[in-house]
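Here is entry18.pdb, consisting of PDB, C-alpha atoms:
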ATOM      1  CA  MET A   1     -11.186  19.573 -22.629
ATOM      2  CA  GLU A   2     -11.650  16.074 -21.350
ATOM      3  CA  GLN A   3      -8.298  16.264 -19.571
ATOM      4  CA  VAL A   4      -9.344  19.456 -17.820
ATOM      5  CA  ALA A   5     -12.587  17.839 -16.667
ATOM      6  CA  PHE A   6     -10.765  14.714 -15.521
ATOM      7  CA  PHE A   7      -8.180  16.586 -13.496
ATOM      8  CA  ALA A   8     -10.793  18.882 -11.983
ATOM      9  CA  GLY A   9     -12.814  15.873 -10.914
ATOM     10  CA  ALA A  10      -9.738  14.026  -9.698
ATOM     11  CA  ILE A  11      -8.567  16.976  -7.606
ATOM     12  CA  GLY A  12     -12.043  17.386  -6.136
ATOM     13  CA  ALA A  13     -12.344  13.702  -5.324
ATOM     14  CA  LEU A  14      -8.863  13.464  -3.830
ATOM     15  CA  GLY A  15      -9.204  16.699  -1.882
ATOM     16  CA  GLY A  16     -12.551  15.597  -0.529
ATOM     17  CA  ALA A  17     -11.148  12.211   0.468
ATOM     18  CA  ILE A  18      -8.173  13.742   2.257
ATOM     19  CA  ALA A  19     -10.432  16.255   3.983
ATOM     20  CA  VAL A  20     -12.642  13.384   5.209
ATOM     21  CA  ILE A  21      -9.752  11.786   7.056
ATOM     22  CA  ALA A  22      -7.960  14.984   8.054
ATOM     23  CA  LEU A  23     -10.768  17.078   9.529
ATOM     24  CA  ARG A  24     -11.250  16.410  13.213
ATOM     25  CA  ASN A  25     -14.902  17.346  13.468
ATOM     26  CA  PRO A  26     -17.057  14.481  12.098
ATOM     27  CA  PHE A  27     -19.627  16.971  10.829
ATOM     28  CA  TYR A  28     -17.072  18.583   8.519
ATOM     29  CA  SER A  29     -15.923  15.131   7.431
ATOM     30  CA  VAL A  30     -19.448  14.362   6.244
ATOM     31  CA  LEU A  31     -19.572  17.616   4.271
ATOM     32  CA  ALA A  32     -16.166  16.829   2.721
ATOM     33  CA  LEU A  33     -17.542  13.454   1.651
ATOM     34  CA  VAL A  34     -20.363  15.259  -0.176
ATOM     35  CA  VAL A  35     -17.734  17.199  -2.160
ATOM     36  CA  HIS A  36     -15.951  13.937  -2.880
ATOM     37  CA  LEU A  37     -19.143  12.273  -4.110
ATOM     38  CA  PHE A  38     -20.031  15.160  -6.409
ATOM     39  CA  SER A  39     -16.565  15.130  -7.973
ATOM     40  CA  LEU A  40     -16.794  11.376  -8.412
ATOM     41  CA  ALA A  41     -20.160  11.781 -10.144
ATOM     42  CA  GLY A  42     -18.418  14.105 -12.607
ATOM     43  CA  LEU A  43     -15.822  11.428 -13.272
ATOM     44  CA  PHE A  44     -18.603   8.882 -13.800
ATOM     45  CA  LEU A  45     -20.044  11.198 -16.434
ATOM     46  CA  LEU A  46     -16.688  11.230 -18.201
ATOM     47  CA  LEU A  47     -16.819   7.432 -18.205
ATOM     48  CA  HIS A  48     -20.206   7.513 -19.991
ATOM     49  CA  ALA A  49     -22.056   6.210 -16.928
ATOM     50  CA  GLU A  50     -24.791   8.818 -16.927
ATOM     51  CA  PHE A  51     -27.315   6.813 -14.971
ATOM     52  CA  VAL A  52     -24.836   5.764 -12.285
ATOM     53  CA  ALA A  53     -23.714   9.385 -11.950
ATOM     54  CA  ALA A  54     -27.292  10.560 -11.501
ATOM     55  CA  ALA A  55     -27.927   7.818  -8.931
ATOM     56  CA  GLN A  56     -24.715   8.783  -7.173
ATOM     57  CA  VAL A  57     -25.852  12.391  -6.792
ATOM     58  CA  VAL A  58     -29.483  11.647  -5.900
ATOM     59  CA  VAL A  59     -29.082   8.567  -3.701
ATOM     60  CA  TYR A  60     -25.619   9.004  -2.267
ATOM     61  CA  ALA A  61     -24.926  12.699  -2.042
ATOM     62  CA  GLY A  62     -28.610  13.282  -1.353
ATOM     63  CA  ALA A  63     -30.226  10.631   0.803
ATOM     64  CA  VAL A  64     -27.329   8.791   2.413
ATOM     65  CA  MET A  65     -25.456  11.972   3.277
ATOM     66  CA  VAL A  66     -28.575  13.459   4.856
ATOM     67  CA  LEU A  67     -28.688  10.365   7.063
ATOM     68  CA  TYR A  68     -25.046  10.933   7.997
ATOM     69  CA  VAL A  69     -25.648  14.603   8.751
ATOM     70  CA  PHE A  70     -28.588  13.690  10.994
ATOM     71  CA  VAL A  71     -26.559  11.160  12.960
ATOM     72  CA  ALA A  72     -23.544  13.472  13.192
ATOM     73  CA  ALA A  73     -25.796  16.210  14.551
ATOM     74  CA  TYR A  74     -27.553  13.786  16.922
ATOM     75  CA  VAL A  75     -24.378  12.291  18.309
ATOM     76  CA  GLY A  76     -22.670  15.665  18.441
ATOM     77  CA  GLY A  77     -19.602  16.882  16.656
ATOM     78  CA  PHE A  78     -16.930  16.259  19.206
ATOM     79  CA  GLU A  79     -13.224  16.564  18.500
ATOM     80  CA  GLU A  80     -11.069  13.504  18.653
ATOM     81  CA  PRO A  81      -8.235  13.487  21.151
ATOM     82  CA  LEU A  82      -4.839  13.747  19.581
ATOM     83  CA  TRP A  83      -2.999  11.192  21.679
ATOM     84  CA  ASP A  84      -2.245   7.836  20.186
ATOM     85  CA  ALA A  85      -4.147   4.886  21.599
ATOM     86  CA  ILE A  86      -1.714   2.520  19.923
ATOM     87  CA  PRO A  87       1.901   3.697  19.963
ATOM     88  CA  GLY A  88       3.086   4.740  16.532
ATOM     89  CA  GLN A  89      -0.355   4.472  14.969
ATOM     90  CA  ARG A  90      -0.122   7.877  13.329
ATOM     91  CA  ILE A  91       3.149   6.991  11.654
ATOM     92  CA  LEU A  92       2.416   3.381  10.761
ATOM     93  CA  ALA A  93      -1.077   3.876   9.329
ATOM     94  CA  PRO A  94      -0.041   6.295   6.528
ATOM     95  CA  LEU A  95       2.882   3.985   5.758
ATOM     96  CA  VAL A  96       0.504   1.047   5.353
ATOM     97  CA  ALA A  97      -1.805   3.147   3.158
ATOM     98  CA  GLY A  98       1.138   4.284   1.021
ATOM     99  CA  ALA A  99       2.302   0.700   0.634
ATOM    100  CA  LEU A 100      -1.210  -0.272  -0.421
ATOM    101  CA  PHE A 101      -1.236   2.476  -3.068
ATOM    102  CA  VAL A 102       2.158   1.448  -4.418
ATOM    103  CA  GLU A 103       1.094  -2.168  -4.552
ATOM    104  CA  LEU A 104      -2.159  -1.397  -6.375
ATOM    105  CA  SER A 105      -0.352   0.892  -8.813
ATOM    106  CA  ILE A 106       2.221  -1.818  -9.563
ATOM    107  CA  ALA A 107      -0.647  -4.247 -10.161
ATOM    108  CA  VAL A 108      -2.311  -1.808 -12.580
ATOM    109  CA  LEU A 109       0.755  -0.475 -14.391
ATOM    110  CA  GLY A 110       2.615  -3.771 -14.464
ATOM    111  CA  SER A 111      -0.267  -5.734 -15.865
ATOM    112  CA  GLY A 112       0.917  -5.049 -19.411
ATOM    113  CA  LEU A 113      -2.612  -4.818 -20.731
ATOM    114  CA  LYS A 114      -2.353  -2.731 -23.877
ATOM    115  CA  SER A 115      -5.939  -1.540 -23.866
ATOM    116  CA  LEU A 116      -5.414   0.212 -20.513
ATOM    117  CA  GLY A 117      -3.222   2.774 -22.249
ATOM    118  CA  SER A 118      -6.017   3.829 -24.575
ATOM    119  CA  GLU A 119      -9.554   5.051 -24.485
ATOM    120  CA  GLY A 120     -10.771   1.496 -24.891
ATOM    121  CA  ALA A 121     -13.456   0.038 -27.063
ATOM    122  CA  VAL A 122     -15.819   2.082 -29.191
ATOM    123  CA  ILE A 123     -18.966   2.348 -27.169
ATOM    124  CA  PRO A 124     -22.414   2.031 -28.700
ATOM    125  CA  ILE A 125     -24.919   4.869 -28.737
ATOM    126  CA  GLY A 126     -26.975   4.939 -25.565
ATOM    127  CA  PHE A 127     -24.208   3.358 -23.461
ATOM    128  CA  GLY A 128     -24.936   4.005 -19.784
ATOM    129  CA  SER A 129     -28.327   5.562 -20.426
ATOM    130  CA  PRO A 130     -31.174   4.727 -18.007
ATOM    131  CA  GLU A 131     -32.697   2.571 -20.708
ATOM    132  CA  ALA A 132     -29.595   0.428 -21.165
ATOM    133  CA  VAL A 133     -28.960   0.019 -17.432
ATOM    134  CA  GLY A 134     -32.632  -0.638 -16.722
ATOM    135  CA  ARG A 135     -32.756  -3.299 -19.399
ATOM    136  CA  LEU A 136     -29.728  -5.030 -17.929
ATOM    137  CA  LEU A 137     -31.100  -4.777 -14.385
ATOM    138  CA  LEU A 138     -34.496  -6.211 -15.228
ATOM    139  CA  GLU A 139     -33.473  -8.814 -17.770
ATOM    140  CA  ARG A 140     -30.007 -10.196 -17.368
ATOM    141  CA  PHE A 141     -29.407  -9.246 -13.730
ATOM    142  CA  LEU A 142     -32.904  -9.751 -12.393
ATOM    143  CA  VAL A 143     -31.864 -12.135  -9.599
ATOM    144  CA  PRO A 144     -29.087  -9.866  -8.243
ATOM    145  CA  PHE A 145     -31.527  -6.965  -8.468
ATOM    146  CA  GLU A 146     -34.102  -8.785  -6.333
ATOM    147  CA  ALA A 147     -31.379  -9.964  -3.954
ATOM    148  CA  ALA A 148     -30.293  -6.342  -3.534
ATOM    149  CA  SER A 149     -33.830  -5.277  -2.710
ATOM    150  CA  LEU A 150     -34.083  -8.070  -0.136
ATOM    151  CA  LEU A 151     -30.756  -6.945   1.333
ATOM    152  CA  LEU A 152     -32.068  -3.390   1.645
ATOM    153  CA  LEU A 153     -35.189  -4.654   3.416
ATOM    154  CA  ILE A 154     -33.110  -6.701   5.872
ATOM    155  CA  ALA A 155     -30.837  -3.714   6.522
ATOM    156  CA  ALA A 156     -33.819  -1.450   7.208
ATOM    157  CA  VAL A 157     -35.326  -3.940   9.651
ATOM    158  CA  GLY A 158     -31.922  -4.431  11.275
ATOM    159  CA  ALA A 159     -31.418  -0.697  11.751
ATOM    160  CA  VAL A 160     -34.819  -0.346  13.415
ATOM    161  CA  VAL A 161     -34.056  -3.267  15.746
ATOM    162  CA  LEU A 162     -30.589  -1.910  16.582
ATOM    163  CA  ALA A 163     -31.553   1.673  17.225
ATOM    164  CA  ALA A 164     -34.870   0.973  18.971
ATOM    165  CA  ARG A 165     -35.177   2.182  22.535
ATOM    166  CA  ARG A 166     -35.644  -0.732  24.863
ATOM    167  CA  PRO A 167     -36.087  -0.822  28.637
ATOM    168  CA  GLN A 168     -32.937  -1.290  30.641
ATOM    169  CA  PRO A 169     -32.881  -3.970  33.361
ATOM    170  CA  GLU A 170     -33.362  -2.555  36.881
ATOM    171  CA  GLY A 171     -30.309  -1.379  38.759
ATOM    172  CA  ARG A 172     -27.905  -2.193  36.015
ATOM    173  CA  VAL A 173     -26.104   0.421  33.979
ATOM    174  CA  ASP A 174     -25.028  -1.134  30.747
ATOM    175  CA  ARG A 175     -21.761   0.506  29.801
ATOM    176  CA  GLU A 176     -20.040  -2.323  28.052
ATOM    177  CA  GLY A 177     -22.083  -2.073  24.872
ATOM    178  CA  THR A 178     -23.562  -5.536  25.186
ATOM    179  CA  VAL A 179     -26.722  -5.690  23.120
TER     180      VAL A 179
ATOM    181  CA  MET B   1      -8.283   9.946 -20.972
ATOM    182  CA  ASP B   2      -6.529   6.595 -20.711
ATOM    183  CA  THR B   3      -8.063   4.012 -18.444
ATOM    184  CA  THR B   4      -4.828   3.845 -16.449
ATOM    185  CA  TRP B   5      -5.413   7.336 -15.098
ATOM    186  CA  TYR B   6      -8.758   6.307 -13.681
ATOM    187  CA  LEU B   7      -7.325   3.125 -12.196
ATOM    188  CA  VAL B   8      -4.443   4.938 -10.511
ATOM    189  CA  LEU B   9      -6.848   7.552  -9.128
ATOM    190  CA  SER B  10      -9.036   4.738  -7.857
ATOM    191  CA  ALA B  11      -6.029   3.106  -6.156
ATOM    192  CA  LEU B  12      -5.114   6.432  -4.569
ATOM    193  CA  LEU B  13      -8.639   6.988  -3.244
ATOM    194  CA  PHE B  14      -8.717   3.427  -1.908
ATOM    195  CA  ALA B  15      -5.405   3.970  -0.105
ATOM    196  CA  VAL B  16      -6.676   7.221   1.414
ATOM    197  CA  GLY B  17      -9.790   5.435   2.651
ATOM    198  CA  ALA B  18      -7.790   2.544   4.074
ATOM    199  CA  GLY B  19      -5.460   4.961   5.844
ATOM    200  CA  GLY B  20      -8.477   6.748   7.282
ATOM    201  CA  VAL B  21      -9.884   3.502   8.651
ATOM    202  CA  LEU B  22      -6.530   2.823  10.313
ATOM    203  CA  VAL B  23      -5.915   6.276  11.737
ATOM    204  CA  ARG B  24      -9.339   7.491  12.856
ATOM    205  CA  ARG B  25     -11.106   6.340  15.990
ATOM    206  CA  ASN B  26     -14.585   7.801  15.636
ATOM    207  CA  PRO B  27     -16.861   5.045  14.259
ATOM    208  CA  LEU B  28     -18.787   7.628  12.218
ATOM    209  CA  VAL B  29     -15.633   8.724  10.404
ATOM    210  CA  ILE B  30     -14.599   5.090   9.933
ATOM    211  CA  LEU B  31     -17.911   4.526   8.142
ATOM    212  CA  LEU B  32     -17.156   7.549   5.949
ATOM    213  CA  CYS B  33     -13.774   6.057   5.087
ATOM    214  CA  LEU B  34     -15.470   2.776   4.153
ATOM    215  CA  GLU B  35     -17.603   4.817   1.763
ATOM    216  CA  LEU B  36     -14.423   6.211   0.222
ATOM    217  CA  MET B  37     -13.119   2.698  -0.374
ATOM    218  CA  LEU B  38     -16.387   1.459  -1.880
ATOM    219  CA  ASN B  39     -16.568   4.472  -4.170
ATOM    220  CA  SER B  40     -13.020   3.985  -5.382
ATOM    221  CA  ALA B  41     -13.954   0.402  -6.260
ATOM    222  CA  ASN B  42     -16.935   1.777  -8.177
ATOM    223  CA  LEU B  43     -14.648   4.113 -10.101
ATOM    224  CA  ALA B  44     -12.404   1.188 -11.090
ATOM    225  CA  LEU B  45     -15.435  -0.875 -12.138
ATOM    226  CA  LEU B  46     -16.788   1.896 -14.332
ATOM    227  CA  ALA B  47     -13.354   2.567 -15.842
ATOM    228  CA  PHE B  48     -13.029  -1.074 -16.850
ATOM    229  CA  GLY B  49     -16.589  -1.049 -18.170
ATOM    230  CA  ARG B  50     -15.774   1.991 -20.320
ATOM    231  CA  ASN B  51     -12.600   0.314 -21.483
ATOM    232  CA  LEU B  52     -14.372  -2.856 -22.570
ATOM    233  CA  GLY B  53     -17.467  -1.085 -23.894
ATOM    234  CA  ASN B  54     -19.594  -3.300 -21.671
ATOM    235  CA  ALA B  55     -22.432  -1.886 -19.570
ATOM    236  CA  ASP B  56     -22.457  -4.811 -17.109
ATOM    237  CA  ALA B  57     -19.996  -2.889 -14.941
ATOM    238  CA  GLN B  58     -22.604  -0.181 -14.405
ATOM    239  CA  VAL B  59     -25.001  -2.736 -12.942
ATOM    240  CA  PHE B  60     -22.176  -3.917 -10.674
ATOM    241  CA  ALA B  61     -21.634  -0.324  -9.557
ATOM    242  CA  MET B  62     -25.330   0.064  -8.769
ATOM    243  CA  ILE B  63     -25.245  -3.105  -6.650
ATOM    244  CA  VAL B  64     -22.158  -1.803  -4.835
ATOM    245  CA  MET B  65     -24.098   1.368  -4.057
ATOM    246  CA  VAL B  66     -26.934  -0.744  -2.617
ATOM    247  CA  VAL B  67     -24.490  -2.656  -0.434
ATOM    248  CA  ALA B  68     -22.956   0.634   0.711
ATOM    249  CA  ALA B  69     -26.398   1.972   1.622
ATOM    250  CA  CYS B  70     -27.109  -1.171   3.673
ATOM    251  CA  GLU B  71     -23.773  -0.845   5.433
ATOM    252  CA  VAL B  72     -24.498   2.797   6.234
ATOM    253  CA  VAL B  73     -27.945   2.011   7.621
ATOM    254  CA  VAL B  74     -26.728  -0.766   9.903
ATOM    255  CA  GLY B  75     -23.593   1.142  10.925
ATOM    256  CA  LEU B  76     -25.494   4.307  11.800
ATOM    257  CA  GLY B  77     -28.031   2.215  13.730
ATOM    258  CA  LEU B  78     -25.156   0.787  15.747
ATOM    259  CA  ILE B  79     -23.728   4.261  16.379
ATOM    260  CA  VAL B  80     -27.099   5.569  17.570
ATOM    261  CA  ALA B  81     -27.446   2.518  19.832
ATOM    262  CA  MET B  82     -23.960   3.135  21.241
ATOM    263  CA  TYR B  83     -24.792   6.771  21.881
ATOM    264  CA  ARG B  84     -28.060   5.848  23.630
ATOM    265  CA  ARG B  85     -26.250   3.428  25.920
ATOM    266  CA  ARG B  86     -23.557   5.982  26.651
ATOM    267  CA  VAL B  87     -20.862   3.786  25.232
ATOM    268  CA  PRO B  88     -17.910   6.016  24.269
ATOM    269  CA  LEU B  89     -17.869   6.630  20.520
ATOM    270  CA  ASP B  90     -14.265   5.564  20.198
ATOM    271  CA  VAL B  91     -13.337   2.244  18.662
ATOM    272  CA  ASP B  92     -10.197   1.993  20.814
ATOM    273  CA  GLU B  93     -12.114   2.293  24.052
ATOM    274  CA  ASN B  94     -14.604  -0.434  23.174
ATOM    275  CA  ARG B  95     -12.291  -3.348  23.599
ATOM    276  CA  GLY B  96     -14.665  -5.781  25.277
ATOM    277  CA  LEU B  97     -14.364  -8.256  22.422
ATOM    278  CA  ARG B  98     -10.580  -8.099  22.204
ATOM    279  CA  GLY B  99      -9.011 -11.551  22.391
TER     280      GLY B  99
END
Written as structure tokens, how would this file's structure read?
Amino acid sequence: MEQVAFFAGAIGALGGAIAVIALRNPFYSVLALVVHLFSLAGLFLLLHAEFVAAAQVVVYAGAVMVLYVFVAAYVGGFEEPLWDAIPGQRILAPLVAGALFVELSIAVLGSGLKSLGSEGAVIPIGFGSPEAVGRLLLERFLVPFEAASLLLLIAAVGAVVLAARRPQPEGRVDREGTV
Amino acid sequence: MDTTWYLVLSALLFAVGAGGVLVRRNPLVILLCLELMLNSANLALLAFGRNLGNADAQVFAMIVMVVAACEVVVGLGLIVAMYRRRVPLDVDENRGLRG
């Protein structure tokens, strides 16, 4: 049963990921990423990370993807041209990605760690529950937690500054993207 | 399921994301591919956390999600600013900073 759930989640995640990079309309890419995130949340559940899975669905597949959909709709779903800007890019890039996968797989499979070939340690009751994660966040990892909230604040201010409409200088059309 | 399965799936998702960053030219889709890579790292973190029976990895994954949200907010702000200024939304055409 667990195998079935794992492979279903893996196929969903992989199919979503490939659809993100293969679909030419950015709007469809965003929707494929939602599928990917939902499948990944299922895999997180299999890994006993219930709280992270719930946060993944609510925060990621909910809020962040809505932001993406808004921007994709605002900017307009245009199709990318098919010509190569860099010669051979479409052949070289998948080769580089394949080499990366092979290298990572060699690193994982060749590590010789015996526990990787098993389910791993026996996990305590309540592992990954909101209570356990909340305790860790507010006790042991309090400083990283506050640093993350500060980072979010800075990012929000930065986005407002970046996207704010500001008057253009007279007689000058800024097409070079200089901010 | 063995932890190796999760790690290999994570490597595969990371490679797909990296290939997407290399092959796509729309900055919006490049941001989506960065999300793929961050999420694959999250999957590896949680797999190791399950393997060791240690919940610290879940806090790490939450922090990664926060960083991803920040990256999305700033990146989408940049894309909206580019669109407003009528800069082409194509990373190969914006080569003003090329050395």
Grab the CA of Val8 in chain B to CA of Gly126 in chain A distance for me, in Å with one decimal place.
-> 27.1 Å
Could you write out as a PyMOL selection string the residues that the ChimeraX specification (/A :<7) & /B matches in the shown file?
-> chain B and resi 1-4+8+11-13+15-16+18-20+22-23+29+36+46-47+50-53+55+58-59+62-63+66+69-70+73-74+77-78+80-83+85-87+92+96
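Between Leu76 in chain B and the residues A:Val143, A:Ile125, A:Val66, A:Leu150, the shortest atom-to-atom distance, using all atoms listed in the file, involves A:Val66.
Closest approach to Trp5 in chain B from the set B:Leu32, B:Arg25, B:Gly17, B:Phe48 is made by B:Phe48, with distances taken over only C-alpha atoms.
Our summary of the geometry notes that CA of Val67 in chain B is positioned 17.3 Å from CA of Leu28 in chain B.
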